[in-house]
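Structure file target20.cif; described as mmCIF, C-alpha atoms.
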```cif
data_coords
loop_
_atom_site.label_atom_id
_atom_site.label_comp_id
_atom_site.auth_asym_id
_atom_site.auth_seq_id
_atom_site.Cartn_x
_atom_site.Cartn_y
_atom_site.Cartn_z
CA TRP A 1 -3.48 10.20 -35.32
CA ASP A 2 -6.74 8.89 -36.79
CA ALA A 3 -9.38 10.94 -34.98
CA GLY A 4 -12.30 9.76 -37.08
CA GLU A 5 -13.92 12.71 -38.84
CA ASN A 6 -11.30 15.10 -37.48
CA ILE A 7 -7.60 15.58 -38.11
CA GLY A 8 -5.56 14.62 -35.10
CA ARG A 9 -1.91 14.90 -34.13
CA GLU A 10 0.15 12.56 -32.01
CA LEU A 11 2.77 14.38 -29.92
CA THR A 12 5.36 12.34 -28.04
CA SER A 13 7.79 13.06 -25.22
CA THR A 14 9.71 11.03 -22.66
CA HIS A 15 6.75 10.32 -20.37
CA TYR A 16 3.72 11.20 -22.50
CA ARG A 17 1.92 10.30 -25.72
CA ILE A 18 -0.47 13.14 -26.47
CA TYR A 19 -3.33 12.88 -28.94
CA THR A 20 -4.93 16.19 -29.92
CA THR A 21 -7.32 17.71 -32.43
CA SER A 22 -6.55 21.22 -31.18
CA THR A 23 -4.72 23.57 -33.53
CA GLN A 24 -4.00 26.19 -30.89
CA PRO A 25 -0.25 26.97 -30.57
CA GLU A 26 -0.46 26.82 -26.76
CA ILE A 27 -1.45 23.17 -27.08
CA VAL A 28 0.42 21.92 -30.16
CA ASP A 29 3.69 23.73 -29.43
CA TYR A 30 3.82 23.68 -25.65
CA LEU A 31 1.75 20.82 -24.18
CA PRO A 32 4.44 18.07 -24.44
CA GLY A 33 7.08 20.26 -22.81
CA PHE A 34 4.60 21.52 -20.24
CA MET A 35 3.66 17.99 -19.23
CA GLU A 36 7.31 17.00 -18.90
CA ALA A 37 7.83 20.03 -16.65
CA ALA A 38 4.72 19.01 -14.73
CA HIS A 39 6.14 15.50 -14.33
CA ARG A 40 9.31 16.91 -12.77
CA ASN A 41 7.09 18.96 -10.48
CA TYR A 42 5.17 15.83 -9.44
CA LEU A 43 8.45 14.27 -8.32
CA ALA A 44 9.36 17.45 -6.43
CA ILE A 45 6.08 17.79 -4.51
CA THR A 46 5.83 14.07 -3.68
CA GLY A 47 9.51 13.57 -2.89
CA LEU A 48 9.54 10.40 -5.01
CA GLU A 49 12.64 9.49 -6.98
CA ALA A 50 12.61 9.51 -10.78
CA ARG A 51 12.32 6.16 -12.52
CA PRO A 52 12.77 5.26 -16.19
CA ALA A 53 9.43 5.39 -18.00
CA SER A 54 8.18 1.88 -18.73
CA GLN A 55 5.62 3.30 -21.14
CA ALA A 56 4.36 6.71 -22.19
CA MET A 57 1.22 7.89 -20.40
CA PRO A 58 -1.74 8.68 -22.71
CA VAL A 59 -3.23 12.17 -22.81
CA TYR A 60 -6.10 13.28 -25.07
CA MET A 61 -6.65 16.99 -25.69
CA MET A 62 -9.69 17.53 -27.90
CA ALA A 63 -10.43 20.81 -29.66
CA THR A 64 -14.07 20.99 -28.53
CA ARG A 65 -16.28 19.67 -25.79
CA GLN A 66 -18.35 17.86 -28.39
CA GLU A 67 -15.29 15.88 -29.51
CA TRP A 68 -14.40 15.29 -25.87
CA ALA A 69 -17.90 13.97 -25.13
CA GLY A 70 -17.75 11.53 -28.04
CA LEU A 71 -14.37 10.22 -26.92
CA THR A 72 -15.49 10.03 -23.29
CA ARG A 73 -18.50 7.89 -24.19
CA SER A 74 -16.19 5.41 -25.89
CA ILE A 75 -13.85 5.31 -22.87
CA VAL A 76 -16.23 5.21 -19.88
CA GLY A 77 -19.18 3.47 -21.52
CA GLY A 78 -22.12 3.18 -19.17
CA GLN A 79 -20.63 5.70 -16.75
CA TRP A 80 -21.18 8.59 -19.19
CA ASP A 81 -23.88 10.15 -17.00
CA VAL A 82 -21.28 10.63 -14.26
CA TYR A 83 -18.94 12.51 -16.61
CA ALA A 84 -21.55 14.44 -18.60
CA SER A 85 -21.70 17.22 -16.00
CA ILE A 86 -17.95 17.97 -16.09
CA SER A 87 -17.41 21.60 -17.04
CA ALA A 88 -13.87 22.25 -15.87
CA GLY A 89 -11.99 20.81 -18.83
CA GLY A 90 -11.48 17.10 -18.28
CA TYR A 91 -10.66 14.17 -16.04
CA CYS A 92 -8.32 11.24 -15.46
CA TYR A 93 -9.85 7.77 -15.79
CA LYS A 94 -7.86 4.62 -15.02
CA GLY A 95 -4.59 6.35 -15.84
CA VAL A 96 -5.82 8.07 -19.03
CA CYS A 97 -6.22 11.86 -19.14
CA VAL A 98 -9.01 13.19 -21.38
CA PHE A 99 -9.37 16.97 -21.86
CA TRP A 100 -10.86 19.50 -24.20
CA ASP A 101 -9.24 22.85 -24.92
CA ILE A 102 -10.90 25.42 -22.65
CA GLY A 103 -8.34 28.04 -23.61
CA GLY A 104 -4.56 28.02 -23.44
CA LEU A 105 -3.36 28.60 -19.89
CA ALA A 106 -6.57 27.30 -18.30
CA SER A 107 -6.24 24.03 -20.23
CA LEU A 108 -2.67 23.64 -19.00
CA SER A 109 -3.75 24.16 -15.38
CA VAL A 110 -6.37 21.40 -15.69
CA ALA A 111 -3.78 19.16 -17.34
CA SER A 112 -1.31 19.68 -14.49
CA HIS A 113 -3.97 18.82 -11.87
CA GLU A 114 -5.32 15.71 -13.59
CA GLY A 115 -1.80 14.73 -14.63
CA LEU A 116 -0.92 14.33 -10.95
CA HIS A 117 -3.72 11.77 -10.59
CA GLN A 118 -2.39 10.02 -13.69
CA PHE A 119 1.16 10.06 -12.35
CA LEU A 120 0.07 8.43 -9.08
CA HIS A 121 -2.06 5.85 -10.91
CA HIS A 122 0.94 4.67 -12.88
CA ARG A 123 3.48 5.12 -10.08
CA VAL A 124 2.30 4.12 -6.60
CA LYS A 125 1.27 0.60 -5.64
CA GLU A 126 -1.49 1.57 -3.20
CA ASN A 127 -4.02 4.39 -3.37
CA MET A 128 -3.46 7.32 -1.07
CA PRO A 129 -6.40 8.82 0.83
CA MET A 130 -8.09 11.57 -1.17
CA TRP A 131 -7.13 14.29 1.30
CA MET A 132 -3.54 13.60 0.29
CA GLU A 133 -4.03 12.91 -3.43
CA GLU A 134 -6.40 15.82 -4.15
CA GLY A 135 -4.20 18.08 -2.04
CA LEU A 136 -1.16 17.13 -4.11
CA ALA A 137 -3.17 17.71 -7.31
CA ALA A 138 -4.10 21.20 -6.11
CA LEU A 139 -0.44 21.90 -5.32
CA ALA A 140 0.43 20.79 -8.86
CA GLU A 141 -1.77 23.44 -10.49
CA GLY A 142 0.17 26.61 -9.73
CA TYR A 143 2.64 27.78 -12.36
CA GLU A 144 4.07 30.84 -14.09
CA VAL A 145 5.12 31.16 -17.73
CA ASP A 146 8.00 33.33 -18.90
CA GLY A 147 8.38 33.04 -22.64
CA ALA A 148 9.00 29.37 -23.36
CA THR A 149 9.86 28.62 -19.71
CA VAL A 150 7.39 27.32 -17.15
CA ARG A 151 8.00 27.46 -13.40
CA PHE A 152 5.68 25.62 -11.04
CA THR A 153 4.66 27.48 -7.89
CA PRO A 154 2.76 25.11 -5.53
CA GLU A 155 2.38 27.78 -2.87
CA ARG A 156 1.08 30.35 -5.38
CA ASN A 157 -2.20 29.30 -6.96
CA ILE A 158 -4.64 32.12 -7.64
CA THR A 159 -7.61 29.83 -8.23
CA ARG A 160 -7.19 27.86 -5.00
CA PHE A 161 -6.26 31.03 -3.09
CA THR A 162 -9.63 32.47 -4.14
CA ASP A 163 -11.46 29.23 -3.29
CA LEU A 164 -9.86 29.10 0.16
CA ARG A 165 -10.52 32.76 0.87
CA LYS A 166 -14.21 32.43 -0.06
CA ALA A 167 -14.57 29.37 2.19
CA LEU A 168 -13.14 31.28 5.13
CA VAL A 169 -14.89 34.61 4.54
CA ASN A 170 -18.30 33.02 3.95
CA ASP A 171 -17.99 30.61 6.88
CA TRP A 172 -18.01 27.58 4.55
CA TRP A 173 -15.09 25.98 6.35
CA ILE A 174 -15.40 22.19 6.35
CA PRO A 175 -14.41 20.73 9.76
CA LEU A 176 -11.24 18.66 9.54
CA GLU A 177 -12.73 15.30 10.47
CA LYS A 178 -15.38 15.65 7.74
CA LEU A 179 -12.89 17.06 5.20
CA LEU A 180 -10.53 14.11 5.61
CA GLN A 181 -13.22 11.59 4.71
CA MET A 182 -14.57 13.43 1.65
CA ASP A 183 -13.84 13.05 -2.05
CA GLY A 184 -14.75 15.15 -5.09
CA GLY A 185 -18.20 13.57 -5.30
CA ASP A 186 -18.93 14.57 -1.72
CA ALA A 187 -17.79 18.13 -2.49
CA VAL A 188 -20.37 18.45 -5.27
CA GLN A 189 -23.08 17.57 -2.75
CA LEU A 190 -22.19 20.59 -0.61
CA GLY A 191 -24.56 22.66 -2.75
CA ALA A 192 -23.42 25.81 -4.55
CA PRO A 193 -20.40 25.46 -6.87
CA GLU A 194 -18.52 27.99 -4.73
CA ARG A 195 -18.82 25.67 -1.76
CA ALA A 196 -17.73 22.67 -3.82
CA VAL A 197 -14.49 24.32 -4.94
CA GLY A 198 -13.92 25.44 -1.36
CA TYR A 199 -13.14 21.76 -0.68
CA TYR A 200 -10.19 21.96 -3.09
CA GLY A 201 -9.10 25.28 -1.64
CA GLN A 202 -8.97 23.73 1.83
CA LEU A 203 -7.05 20.69 0.56
CA TRP A 204 -4.57 22.98 -1.20
CA ALA A 205 -3.99 24.73 2.13
CA LEU A 206 -3.76 21.38 3.95
CA ALA A 207 -1.23 20.02 1.46
CA ASP A 208 0.90 23.16 1.71
CA PHE A 209 0.71 23.08 5.51
CA LEU A 210 1.77 19.43 5.69
CA ARG A 211 4.82 19.93 3.51
CA SER A 212 5.95 23.19 5.13
CA ASP A 213 5.52 22.42 8.85
CA PRO A 214 8.39 20.24 10.19
CA ARG A 215 6.07 18.68 12.77
CA PHE A 216 4.09 16.96 10.01
CA ALA A 217 6.35 16.92 6.94
CA ALA A 218 8.14 13.71 7.93
CA GLY A 219 4.86 11.81 8.45
CA ARG A 220 3.56 13.12 5.13
CA GLN A 221 6.65 11.83 3.39
CA ARG A 222 6.39 8.41 5.05
CA LEU A 223 2.79 8.11 3.88
CA ILE A 224 3.74 8.86 0.27
CA ALA A 225 6.73 6.51 0.41
CA ASP A 226 4.64 3.69 1.88
CA ALA A 227 1.98 4.12 -0.81
CA ASP A 228 4.73 3.97 -3.42
CA ALA A 229 6.15 0.79 -1.88
CA GLY A 230 2.79 -0.92 -1.35
CA ARG A 231 2.92 -1.00 2.43
CA LEU A 232 0.42 1.76 3.22
CA VAL A 233 -2.57 -0.37 4.20
CA GLU A 234 -0.50 -2.63 6.43
CA ALA A 235 0.09 0.39 8.69
CA LEU A 236 -3.58 0.20 9.71
CA SER A 237 -5.16 -2.03 12.32
CA ARG A 238 -5.86 -5.61 11.21
CA THR A 239 -9.58 -4.92 10.83
CA ASP A 240 -9.11 -1.69 8.87
CA SER A 241 -6.40 -3.29 6.74
CA LEU A 242 -8.58 -6.26 5.75
CA MET A 243 -11.52 -4.00 4.93
CA ALA A 244 -9.33 -1.61 2.93
CA ARG A 245 -7.99 -4.43 0.76
CA GLN A 246 -11.53 -5.60 0.04
CA LEU A 247 -12.61 -2.07 -0.92
CA ALA A 248 -9.55 -1.19 -3.06
CA GLY A 249 -10.54 0.74 -6.17
CA THR A 250 -13.88 1.95 -4.80
CA ARG A 251 -15.02 5.22 -3.22
CA SER A 252 -15.65 3.31 0.00
CA TYR A 253 -11.91 2.62 0.22
CA ASN A 254 -11.28 6.30 0.90
CA ARG A 255 -13.88 6.45 3.64
CA GLN A 256 -12.32 3.39 5.26
CA VAL A 257 -8.70 4.56 5.27
CA ALA A 258 -8.79 8.39 5.27
CA LEU A 259 -9.10 9.07 8.98
CA PRO A 260 -7.03 6.13 10.29
CA LEU A 261 -4.15 6.98 7.96
CA PHE A 262 -4.22 10.63 9.00
CA LYS A 263 -4.04 9.63 12.65
CA ARG A 264 -1.30 7.09 11.91
CA TYR A 265 0.99 9.32 9.85
CA ILE A 266 0.11 12.92 10.71
CA SER A 267 -1.62 13.43 14.07
CA ASP A 268 -4.15 11.72 16.30
CA ASP A 269 -4.98 15.07 17.93
CA LEU A 270 -7.52 16.31 15.37
CA GLN A 271 -8.65 19.28 17.43
CA GLY A 272 -5.12 20.55 18.06
CA PHE A 273 -4.09 19.97 14.45
CA GLU A 274 -7.15 21.76 13.06
CA SER A 275 -6.43 24.80 15.19
CA ARG A 276 -2.91 25.11 13.74
CA TYR A 277 -4.08 24.21 10.22
CA LYS A 278 -6.85 26.81 10.19
CA ALA A 279 -4.47 29.48 11.45
CA PHE A 280 -2.12 28.56 8.57
CA ALA A 281 -5.04 28.72 6.11
CA MET A 282 -6.06 32.19 7.38
CA LYS A 283 -2.52 33.43 6.84
CA LEU A 284 -2.30 31.77 3.41
CA ALA A 285 -5.58 33.50 2.41
CA ARG A 286 -4.19 36.81 3.71
CA LEU A 287 -6.92 37.15 6.29
CA ARG A 288 -4.53 37.35 9.23
#
```

Take the structure in the file and write it out as structure tokens.
Amino acid sequence: WDAGENIGRELTSTHYRIYTTSTQPEIVDYLPGFMEAAHRNYLAITGLEARPASQAMPVYMMATRQEWAGLTRSIVGGQWDVYASISAGGYCYKGVCVFWDIGGLASLSVASHEGLHQFLHHRVKENMPMWMEEGLAALAEGYEVDGATVRFTPERNITRFTDLRKALVNDWWIPLEKLLQMDGGDAVQLGAPERAVGYYGQLWALADFLRSDPRFAAGRQRLIADADAGRLVEALSRTDSLMARQLAGTRSYNRQVALPLFKRYISDDLQGFESRYKAFAMKLARLR
């Protein structure tokens, strides 16, 4: 791979085409296989059926943040200021994942999270609300490595466990109605970084609760299936549906559909649901 002033490698697998300037064995030797394992995990946690890959999904893993910044400027153009503050290892933009190597296992965790966003971008016909998509991405992060074998553990995620526990212990809990309408940008505006990541900890708990509780698992699965089939928005009222189609691809889309879709597919009793959800979160954080 022609990486300009740097030597790059192109690594290919069934679903991915990976471009990297990293020379670390954890990246060069394991990233293609890890991403394929992550892809199988995406199917497992979404319940979607496997489909033949129409084209390999692009992933960039740069050796340094400086290289990452140069590549990012060429990809996002005038939006660079938005991405300049990223410190966690990378992002997914219009179906392209762009990372820098923050160190072996940590880089793989970021890749598994952002890879879920990439998977949905290329797979589903309509965007899910962010409470669902970011929750699925948090579920996708947890994994264990045994030699050359990786096992994904959605319910075991030390980072999100810590985030959730801090949110509960420090009384940073975000009320459900507000949480459902937020996105990552809103989380940053909560103030301290610890409070921002608490948003992801809560969504991890929400995603785990929805898939494990039979009262809500079926509705969760219908929502994912309808997004995949392109009939998600039509489940809304005529007014909400028309507005959602006009806002598709914008942050405002999430604010328009997040709450109505939750009420349509999961529960219209927000108070009762939050009581059960918070009790589940307390138990998950080992506080009860």

Evaluate the PyMOL selection byres ((chain A and resi 209) around 12) and report residues as a short mmCIF file (atom, residue, chain, number, x, y, z; two decimals) with C-alpha atoms, in the coordinates of the input:
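Output saved as result.cif:
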```
data_model
loop_
_atom_site.label_atom_id
_atom_site.label_comp_id
_atom_site.auth_asym_id
_atom_site.auth_seq_id
_atom_site.Cartn_x
_atom_site.Cartn_y
_atom_site.Cartn_z
CA MET A 132 -3.54 13.60 0.29
CA GLY A 135 -4.20 18.08 -2.04
CA LEU A 136 -1.16 17.13 -4.11
CA LEU A 139 -0.44 21.90 -5.32
CA PRO A 154 2.76 25.11 -5.53
CA GLU A 155 2.38 27.78 -2.87
CA GLN A 202 -8.97 23.73 1.83
CA LEU A 203 -7.05 20.69 0.56
CA TRP A 204 -4.57 22.98 -1.20
CA ALA A 205 -3.99 24.73 2.13
CA LEU A 206 -3.76 21.38 3.95
CA ALA A 207 -1.23 20.02 1.46
CA ASP A 208 0.90 23.16 1.71
CA LEU A 210 1.77 19.43 5.69
CA ARG A 211 4.82 19.93 3.51
CA SER A 212 5.95 23.19 5.13
CA ASP A 213 5.52 22.42 8.85
CA PRO A 214 8.39 20.24 10.19
CA ARG A 215 6.07 18.68 12.77
CA PHE A 216 4.09 16.96 10.01
CA ALA A 217 6.35 16.92 6.94
CA ARG A 220 3.56 13.12 5.13
CA ILE A 266 0.11 12.92 10.71
CA PHE A 273 -4.09 19.97 14.45
CA GLU A 274 -7.15 21.76 13.06
CA ARG A 276 -2.91 25.11 13.74
CA TYR A 277 -4.08 24.21 10.22
CA LYS A 278 -6.85 26.81 10.19
CA ALA A 279 -4.47 29.48 11.45
CA PHE A 280 -2.12 28.56 8.57
CA ALA A 281 -5.04 28.72 6.11
CA MET A 282 -6.06 32.19 7.38
CA LYS A 283 -2.52 33.43 6.84
CA LEU A 284 -2.30 31.77 3.41
#
```

*Go through A:Glu49, A:Glu26, A:Asp81, A:Asp268 one by one, measure the shortest atom-to-atom distance of each to Ala63 in chain A using all atoms listed in the file, and give the residue with the smallest value.*
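That would be A:Glu26, the residue with the smallest distance to Ala63 in chain A.
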
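Using only C-alpha atoms for every distance, the candidate list A:Leu179, A:Val82, A:Ala187, A:Val124 yields A:Val124 as the residue closest to Ala225 in chain A.
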
*Which of A:Ser22, A:Val150, A:Leu48, A:Ala56 sits closest to Asp101 in chain A [using only C-alpha atoms]*: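 Answer, going by the shortest atom-to-atom distance: A:Ser22.
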
*Quick one: distance from CA of Asn170 in chain A to CA of Ser275 in chain A in Å, one decimal?*
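It comes out at 18.3 Å.
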
*Could you state the separation of CA of Lys94 in chain A and CA of His39 in chain A in Å, given to one decimal place?*
17.7 Å

The PyMOL selection byres ((chain A and resi 158) around 12) on the file shown: which residues, as a PDB file with C-alpha atoms, in the coordinates of the input?
```pdb
ATOM      1  CA  ALA A 106      -6.570  27.300 -18.300  1.00  0.00           C
ATOM      2  CA  SER A 109      -3.750  24.160 -15.380  1.00  0.00           C
ATOM      3  CA  ALA A 138      -4.100  21.200  -6.110  1.00  0.00           C
ATOM      4  CA  LEU A 139      -0.440  21.900  -5.320  1.00  0.00           C
ATOM      5  CA  GLU A 141      -1.770  23.440 -10.490  1.00  0.00           C
ATOM      6  CA  GLY A 142       0.170  26.610  -9.730  1.00  0.00           C
ATOM      7  CA  TYR A 143       2.640  27.780 -12.360  1.00  0.00           C
ATOM      8  CA  GLU A 144       4.070  30.840 -14.090  1.00  0.00           C
ATOM      9  CA  THR A 153       4.660  27.480  -7.890  1.00  0.00           C
ATOM     10  CA  PRO A 154       2.760  25.110  -5.530  1.00  0.00           C
ATOM     11  CA  GLU A 155       2.380  27.780  -2.870  1.00  0.00           C
ATOM     12  CA  ARG A 156       1.080  30.350  -5.380  1.00  0.00           C
ATOM     13  CA  ASN A 157      -2.200  29.300  -6.960  1.00  0.00           C
ATOM     14  CA  THR A 159      -7.610  29.830  -8.230  1.00  0.00           C
ATOM     15  CA  ARG A 160      -7.190  27.860  -5.000  1.00  0.00           C
ATOM     16  CA  PHE A 161      -6.260  31.030  -3.090  1.00  0.00           C
ATOM     17  CA  THR A 162      -9.630  32.470  -4.140  1.00  0.00           C
ATOM     18  CA  ASP A 163     -11.460  29.230  -3.290  1.00  0.00           C
ATOM     19  CA  LEU A 164      -9.860  29.100   0.160  1.00  0.00           C
ATOM     20  CA  ARG A 165     -10.520  32.760   0.870  1.00  0.00           C
ATOM     21  CA  GLY A 201      -9.100  25.280  -1.640  1.00  0.00           C
ATOM     22  CA  TRP A 204      -4.570  22.980  -1.200  1.00  0.00           C
ATOM     23  CA  LEU A 284      -2.300  31.770   3.410  1.00  0.00           C
ATOM     24  CA  ALA A 285      -5.580  33.500   2.410  1.00  0.00           C
TER      25      ALA A 285
END
```

*asked:* Just want the 9 Å neighbourhood of range 236-252 of chain A, counted on all atoms listed in the file, with same-chain residues fewer than 6 positions away dropped. Output as a ChimeraX atom specification.
replied: /A:126-127,183,260-261,264

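Residue neighbourhood of Met57 in chain A, excluding near-sequence residues (fewer than 4 positions): His15, Tyr16, Arg17, Ile18, Ala53, Gly95, Val96, Cys97, Gln118, Phe119 and His122 of chain A, at 9 Å, using all atoms listed in the file.
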
For those residues, write C-alpha atoms to a file as an mmCIF file, keeping the file's coordinate frame.
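The result, stored in selection16.cif:
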```
data_model
loop_
_atom_site.group_PDB
_atom_site.id
_atom_site.type_symbol
_atom_site.label_atom_id
_atom_site.label_comp_id
_atom_site.auth_asym_id
_atom_site.auth_seq_id
_atom_site.Cartn_x
_atom_site.Cartn_y
_atom_site.Cartn_z
ATOM 1 C CA HIS A 15 6.750 10.320 -20.370
ATOM 2 C CA TYR A 16 3.720 11.200 -22.500
ATOM 3 C CA ARG A 17 1.920 10.300 -25.720
ATOM 4 C CA ILE A 18 -0.470 13.140 -26.470
ATOM 5 C CA ALA A 53 9.430 5.390 -18.000
ATOM 6 C CA GLY A 95 -4.590 6.350 -15.840
ATOM 7 C CA VAL A 96 -5.820 8.070 -19.030
ATOM 8 C CA CYS A 97 -6.220 11.860 -19.140
ATOM 9 C CA GLN A 118 -2.390 10.020 -13.690
ATOM 10 C CA PHE A 119 1.160 10.060 -12.350
ATOM 11 C CA HIS A 122 0.940 4.670 -12.880
#
```

*asked:* Residues within 9 Å of range 5-14 of chain A, please, as a list in words. Count only C-alpha atoms; anything in the same chain fewer than 5 positions from it doesn't count.
replied: Tyr19, Thr20, Thr21, Ser22, Val28, Leu31, Pro32, Gly33, Met35, Glu36, Ala53, Gln55, Ala56, Met62 and Glu67 of chain A

Starting from the incomplete input, reconstruct N, CA, C and O atoms of range 62-82 of chain A and write that as a CSV table (one decimal), in the frame of the given file.
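Wrote it out as part.csv, contents follow:
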```csv
chain,number,residue,atom,x,y,z
A,62,MET,N,-8.8,17.3,-26.8
A,62,MET,CA,-9.7,17.5,-27.9
A,62,MET,C,-9.9,19.0,-28.1
A,62,MET,O,-9.9,19.8,-27.2
A,63,ALA,N,-10.2,19.4,-29.3
A,63,ALA,CA,-10.4,20.8,-29.7
A,63,ALA,C,-11.7,21.4,-29.1
A,63,ALA,O,-11.8,22.5,-28.7
A,64,THR,N,-12.8,20.5,-29.0
A,64,THR,CA,-14.1,21.0,-28.5
A,64,THR,C,-14.6,20.0,-27.5
A,64,THR,O,-14.3,18.9,-27.4
A,65,ARG,N,-15.6,20.5,-26.8
A,65,ARG,CA,-16.3,19.7,-25.8
A,65,ARG,C,-17.1,18.6,-26.5
A,65,ARG,O,-17.2,17.5,-25.9
A,66,GLN,N,-17.6,18.9,-27.7
A,66,GLN,CA,-18.4,17.9,-28.4
A,66,GLN,C,-17.5,16.7,-28.7
A,66,GLN,O,-17.8,15.5,-28.6
A,67,GLU,N,-16.2,17.0,-29.2
A,67,GLU,CA,-15.3,15.9,-29.5
A,67,GLU,C,-14.9,15.1,-28.2
A,67,GLU,O,-14.8,13.9,-28.2
A,68,TRP,N,-14.7,15.9,-27.2
A,68,TRP,CA,-14.4,15.3,-25.9
A,68,TRP,C,-15.5,14.4,-25.4
A,68,TRP,O,-15.2,13.3,-24.9
A,69,ALA,N,-16.8,14.8,-25.6
A,69,ALA,CA,-17.9,14.0,-25.1
A,69,ALA,C,-18.0,12.7,-25.9
A,69,ALA,O,-18.2,11.6,-25.3
A,70,GLY,N,-17.7,12.7,-27.2
A,70,GLY,CA,-17.8,11.5,-28.0
A,70,GLY,C,-16.7,10.6,-27.6
A,70,GLY,O,-16.9,9.3,-27.5
A,71,LEU,N,-15.5,11.1,-27.4
A,71,LEU,CA,-14.4,10.2,-26.9
A,71,LEU,C,-14.7,9.6,-25.5
A,71,LEU,O,-14.4,8.5,-25.3
A,72,THR,N,-15.2,10.5,-24.7
A,72,THR,CA,-15.5,10.0,-23.3
A,72,THR,C,-16.5,8.9,-23.3
A,72,THR,O,-16.3,7.9,-22.5
A,73,ARG,N,-17.5,9.0,-24.1
A,73,ARG,CA,-18.5,7.9,-24.2
A,73,ARG,C,-17.8,6.6,-24.6
A,73,ARG,O,-18.2,5.5,-24.1
A,74,SER,N,-16.9,6.6,-25.5
A,74,SER,CA,-16.2,5.4,-25.9
A,74,SER,C,-15.3,4.9,-24.8
A,74,SER,O,-15.0,3.7,-24.8
A,75,ILE,N,-14.8,5.7,-23.9
A,75,ILE,CA,-13.8,5.3,-22.9
A,75,ILE,C,-14.6,4.8,-21.6
A,75,ILE,O,-14.2,3.8,-21.1
A,76,VAL,N,-15.6,5.6,-21.2
A,76,VAL,CA,-16.2,5.2,-19.9
A,76,VAL,C,-17.5,4.4,-20.0
A,76,VAL,O,-18.1,3.9,-19.1
A,77,GLY,N,-18.0,4.3,-21.3
A,77,GLY,CA,-19.2,3.5,-21.5
A,77,GLY,C,-20.4,3.9,-20.7
A,77,GLY,O,-20.8,5.0,-20.8
A,78,GLY,N,-20.9,3.0,-19.9
A,78,GLY,CA,-22.1,3.2,-19.2
A,78,GLY,C,-22.0,4.2,-18.1
A,78,GLY,O,-23.0,4.6,-17.5
A,79,GLN,N,-20.8,4.7,-17.8
A,79,GLN,CA,-20.6,5.7,-16.8
A,79,GLN,C,-20.7,7.1,-17.3
A,79,GLN,O,-20.4,8.1,-16.6
A,80,TRP,N,-21.1,7.3,-18.6
A,80,TRP,CA,-21.2,8.6,-19.2
A,80,TRP,C,-22.0,9.6,-18.4
A,80,TRP,O,-21.5,10.8,-18.2
A,81,ASP,N,-23.1,9.2,-17.8
A,81,ASP,CA,-23.9,10.2,-17.0
A,81,ASP,C,-23.1,10.8,-15.9
A,81,ASP,O,-23.3,12.0,-15.5
A,82,VAL,N,-22.1,10.1,-15.3
A,82,VAL,CA,-21.3,10.6,-14.3
A,82,VAL,C,-20.4,11.7,-14.8
A,82,VAL,O,-20.1,12.7,-14.1
```
